[in-house]
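Contents: one structure, followed by commentary.
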Amino acid sequence: MCAATAGYRGRSVLVIEHTKKIGRKILMSGGGRCNFTNIHNDASNFISENAHFCRSALSRYRVQDFIDLVERHGVEYHEKTLGQLFCNESSKEILQVLMTEAEWAGVEIQTELTVNYVKKAENGYLLKTSRGDIVAGSLVIATGGLSIPNGGATPFAYEVARQFGMEVLPTRAALVPLTLQPDLLVPLKPLSGVSHPVEVSCGGTSFKESMLFTHRGLSGPAILQISSYWEPGQAISINLFPEEDLLGWLKVQRQERPKADVATIMSQKMSKRMAQILCELFSFSGNMADLSNQTLEQITTAFTKWLIKPSGTEGYRTAEVTLGGISTKEVSQKTMEANKAAGLYFIGECLDVTGHLGGHNFQWAWASGFVAGQAV
């Protein structure tokens, strides 16, 4: 995005990629369909030390701007839950849009080219690469964070930032599955692959989406979202019935089906296996007629305020993004240029701007790339 924008302005642009393939994260995203933006995107969908930093770029390159771009290239797409836009066919289409734009803008792309060292030169920057020296008037770092190392992720952006005296905030995996201790993982393991709608909360933040039980712990959109807010040692609260008055419903069931077992009753709201395992985990049994109001309240609390203390996350290997990174204090919010190094720019995920799940991180990539491309 940055290269094409700069190229259309008449700039001579070289894109350096250290892996064999361009755009691997794009190809991997959205289950191969690329969730390329979100129609509800705004600054509230991002986590940053400076909550206002992303506003300028997002206002100058809006969601509709990217939609217009993909429509001009004939890409068909559809909206999923919560405003997420996906390609009808393949994420390859989004990559092709960007590659075509770069080609039209006269951009040169070189793959399998490693930058070993960056140095300030008299008229810009000197790059020591695996194929010799390159001198550039401006240098844009768009190498992302530490997430998905097998996709080519490296700490390169952070290293260059530190080299030029910039502050890099602590990083950790975000939008990542949570792992559980054996005492909880073992009884829940038979539920691996089961999904259920929940509201999950942590640190004053909540998300209503589906949760997925895995052989390592918990995943699914709701868990990925809350992982960006969870910190080691904290508990998360899971409401398995966010849209229902569970206590009222249980009282009606006791009246209408007094001889039914509590697990049988709960299986009306979830799979039979899930109801049996959770009732056993929470130590609830017996016929409905034998359960007091106090017991029904306890059942309600167990299923709607289920407190779990995760043991950790699956880490950068499966994380969709990296939380933290280069402090936004170090760059201009209008151009992404480093305050301490003229002609040096940082865009995308390497900055301390982390989006929610659902296309927001891509929109930040497009927007930050565009504003830097307008400035270089």
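Labels used: A, B, ... for chains in the order of the structure tokens, numbers from 1 for residues in each chain, and numbers from 1 for ligands as shown.
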Long-range neighbours of Glu231 (chain A) as a list in words, 12 Å cut-off, only C-alpha atoms, 5 positions minimum in chain: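 Near neighbours after the sequence-gap exclusion: Arg172, Ala173, Ala174, Leu178, Cys202, Gly203, Ile226, Ile236, Lys309, Pro310, Ser311, Gly312, Thr313 and Leu323 of chain A.
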Save out the residues we just selected, C-alpha atoms, as a PDB file, in the first residue's frame.
ATOM      1  CA  ARG A 172       3.450 -10.077  23.813  1.00  0.00           C
ATOM      2  CA  ALA A 173       1.238 -12.349  21.759  1.00  0.00           C
ATOM      3  CA  ALA A 174      -2.310 -11.090  21.163  1.00  0.00           C
ATOM      4  CA  LEU A 178      -5.434 -19.411  25.878  1.00  0.00           C
ATOM      5  CA  CYS A 202     -11.532  -9.563  31.746  1.00  0.00           C
ATOM      6  CA  GLY A 203     -10.275  -6.285  33.189  1.00  0.00           C
ATOM      7  CA  ILE A 226     -10.064 -11.131  25.306  1.00  0.00           C
ATOM      8  CA  ILE A 236     -11.421 -14.497  32.848  1.00  0.00           C
ATOM      9  CA  LYS A 309      -7.456 -18.660  35.343  1.00  0.00           C
ATOM     10  CA  PRO A 310      -5.564 -19.522  32.109  1.00  0.00           C
ATOM     11  CA  SER A 311      -2.064 -20.934  32.463  1.00  0.00           C
ATOM     12  CA  GLY A 312      -0.860 -18.853  29.514  1.00  0.00           C
ATOM     13  CA  THR A 313      -1.257 -18.439  25.759  1.00  0.00           C
ATOM     14  CA  LEU A 323       0.721  -6.310  21.317  1.00  0.00           C
TER      15      LEU A 323
END
Strand (DSSP E or B) call set, DSSP backbone run, region 90-303 of chain A, as a ChimeraX atom specification: /A:108-110,115-121,124-129,132-136,139-141,168-174,178-179,195-202,205-213,217-219,236-239,261,287
Given only C-alpha atoms as the counted atoms, nearest of A:Met288, A:Ile326, A:Val63, A:Ile223 to Gln253 (chain A): A:Met288
Picked from region 144-330 of chain A by DSSP as helix (DSSP H, G or I), as a ChimeraX atom specification: /A:149-151,156-163,182-191,221-227,246-256,262-266,272-281,288-290,293-304,328-330
Interatomic distance (Å, one decimal) between CA of Val176 (chain A) and CA of Thr111 (chain A):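 Interatomic distance here is 28.9 Å.
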Residue nearest Asp352 (chain A) - candidates A:Met211, A:Ile47, A:Cys279, A:Val371, atoms counted: only C-alpha atoms: A:Ile47
Go through region 159-272 of chain A and flag each residue having an atom no more than 12 Å from region 118-132 of chain A; for those, report the closest pair of atoms plus their distance in Å to one decimal, using only C-alpha atoms, ordered by chain and rising number, as a tab-separated table.
residue	atom	partner	partner_atom	distance
A:Glu159	CA	A:Val118	CA	10.0
A:Val160	CA	A:Val118	CA	7.3
A:Ala161	CA	A:Val118	CA	10.5
A:Arg162	CA	A:Val118	CA	11.7
A:Gln163	CA	A:Val118	CA	8.8
A:Phe164	CA	A:Lys120	CA	9.2
Exercise: Pro221 (chain A) partners within 7 Å, only C-alpha atoms, chain neighbours under 3 positions left out, as a ChimeraX atom specification: /A:209-211,224-225
Would you export the selected residues with all heavy atoms as an mmCIF file, in the first residue's frame, please?
data_model
loop_
_atom_site.group_PDB
_atom_site.id
_atom_site.type_symbol
_atom_site.label_atom_id
_atom_site.label_comp_id
_atom_site.auth_asym_id
_atom_site.auth_seq_id
_atom_site.Cartn_x
_atom_site.Cartn_y
_atom_site.Cartn_z
ATOM 1 N N GLU A 209 -19.017 -13.387 21.468
ATOM 2 C CA GLU A 209 -18.813 -14.149 20.235
ATOM 3 C C GLU A 209 -18.719 -15.617 20.624
ATOM 4 O O GLU A 209 -18.960 -15.976 21.771
ATOM 5 C CB GLU A 209 -17.558 -13.668 19.491
ATOM 6 C CG GLU A 209 -17.737 -12.306 18.811
ATOM 7 C CD GLU A 209 -16.606 -11.958 17.878
ATOM 8 O OE1 GLU A 209 -16.526 -12.591 16.810
ATOM 9 O OE2 GLU A 209 -15.808 -11.074 18.213
ATOM 10 N N SER A 210 -18.312 -16.457 19.706
ATOM 11 C CA SER A 210 -18.237 -17.883 20.031
ATOM 12 C C SER A 210 -16.905 -18.238 20.686
ATOM 13 O O SER A 210 -15.884 -17.577 20.454
ATOM 14 C CB SER A 210 -18.443 -18.727 18.770
ATOM 15 O OG SER A 210 -17.404 -18.490 17.845
ATOM 16 N N MET A 211 -16.946 -19.272 21.527
ATOM 17 C CA MET A 211 -15.762 -19.812 22.182
ATOM 18 C C MET A 211 -15.586 -21.248 21.719
ATOM 19 O O MET A 211 -16.558 -21.971 21.521
ATOM 20 C CB MET A 211 -15.933 -19.774 23.703
ATOM 21 C CG MET A 211 -14.776 -20.389 24.487
ATOM 22 S SD MET A 211 -15.033 -20.287 26.279
ATOM 23 C CE MET A 211 -16.207 -21.642 26.513
ATOM 24 N N LEU A 224 -9.945 -15.145 21.529
ATOM 25 C CA LEU A 224 -8.879 -14.389 20.854
ATOM 26 C C LEU A 224 -8.984 -12.903 21.204
ATOM 27 O O LEU A 224 -7.965 -12.247 21.481
ATOM 28 C CB LEU A 224 -8.953 -14.582 19.340
ATOM 29 C CG LEU A 224 -8.741 -16.006 18.801
ATOM 30 C CD1 LEU A 224 -8.756 -15.993 17.278
ATOM 31 C CD2 LEU A 224 -7.442 -16.606 19.307
ATOM 32 N N GLN A 225 -10.203 -12.380 21.195
ATOM 33 C CA GLN A 225 -10.399 -10.962 21.518
ATOM 34 C C GLN A 225 -9.942 -10.645 22.943
ATOM 35 O O GLN A 225 -9.197 -9.692 23.171
ATOM 36 C CB GLN A 225 -11.881 -10.586 21.364
ATOM 37 C CG GLN A 225 -12.413 -10.638 19.950
ATOM 38 C CD GLN A 225 -12.084 -9.391 19.134
ATOM 39 O OE1 GLN A 225 -10.980 -8.839 19.225
ATOM 40 N NE2 GLN A 225 -13.023 -8.941 18.338
#
9 Å contact set for region 97-108 of chain A, only C-alpha atoms, chain neighbours under 3 positions out, as an MDAnalysis selection string: chainID A and resid 1 3:16 22 69:70 73 75 92:94
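The shell of residues at most 9 Å from Leu185 (chain A), with only C-alpha atoms counted and near chain neighbours (fewer than 5 positions) removed, consists of Thr179, Leu180, His215, Arg216 and Gly217 of chain A.
Distance annotation: of A:Leu169, A:Leu240, A:Leu139, A:Ile265, the residue with the minimal separation from Leu307 (chain A) is A:Leu240; atom set is only C-alpha atoms.
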Selected residue of minimal separation from Pro187 (chain A) among A:Leu278, A:Leu58, A:Ala319, A:Ala51, counting only C-alpha atoms: A:Leu278
Top pick for closest residue to Arg60 (chain A), considering A:Phe303, A:Phe370, A:Trp249, A:Phe241 and counting only C-alpha atoms: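 Of all the options, A:Phe370 lies closest to Arg60 (chain A).
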Selection: 12 Å around Ile277 (chain A), only C-alpha atoms, excl. self and same-chain fewer than 5 positions, as a PyMOL selection string: chain A and resi 184-192+262-264+266-267+270-272+282-285
Can I get the selection written as a compact mmCIF listing (two decimals), in the first residue's frame, with C-alpha atoms?
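Generated output (again16.txt):
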# COMPACT_ATOMS: atom_id res chain seq x y z
CA LEU A 184 -9.13 -28.11 34.15
CA LEU A 185 -7.78 -29.21 30.77
CA VAL A 186 -8.20 -32.94 31.45
CA PRO A 187 -11.95 -32.86 32.25
CA LEU A 188 -12.61 -30.45 29.36
CA LYS A 189 -10.55 -32.33 26.75
CA PRO A 190 -13.52 -34.42 25.49
CA LEU A 191 -15.07 -31.08 24.42
CA SER A 192 -12.19 -30.31 22.02
CA VAL A 262 -30.20 -31.31 35.69
CA ALA A 263 -27.75 -32.39 32.95
CA THR A 264 -30.68 -33.42 30.73
CA MET A 266 -29.00 -28.17 30.46
CA SER A 267 -28.59 -30.26 27.29
CA MET A 270 -25.97 -26.98 24.65
CA SER A 271 -24.77 -30.35 23.39
CA LYS A 272 -25.53 -33.34 25.58
CA PHE A 282 -19.45 -27.89 38.61
CA SER A 283 -20.72 -30.79 40.80
CA PHE A 284 -24.42 -30.48 39.94
CA SER A 285 -26.65 -33.57 39.79
Option closest in space to Leu113 (chain A), from A:Val140, A:Glu349, A:Gly233, A:Lys20 [counting only C-alpha atoms]: A:Lys20
Two-atom distance - CA of Trp366 (chain A), CA of Asp133 (chain A) (Å):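 Between CA of Trp366 (chain A) and CA of Asp133 (chain A) the gap works out to 28.9 Å.
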Neighbour list for Ser147 (chain A) as an NGL selection string, cut-off 7 Å, only C-alpha atoms, skip fewer than 3 positions in-chain: :A and (153 or 173 or 316-317 or 319-322)
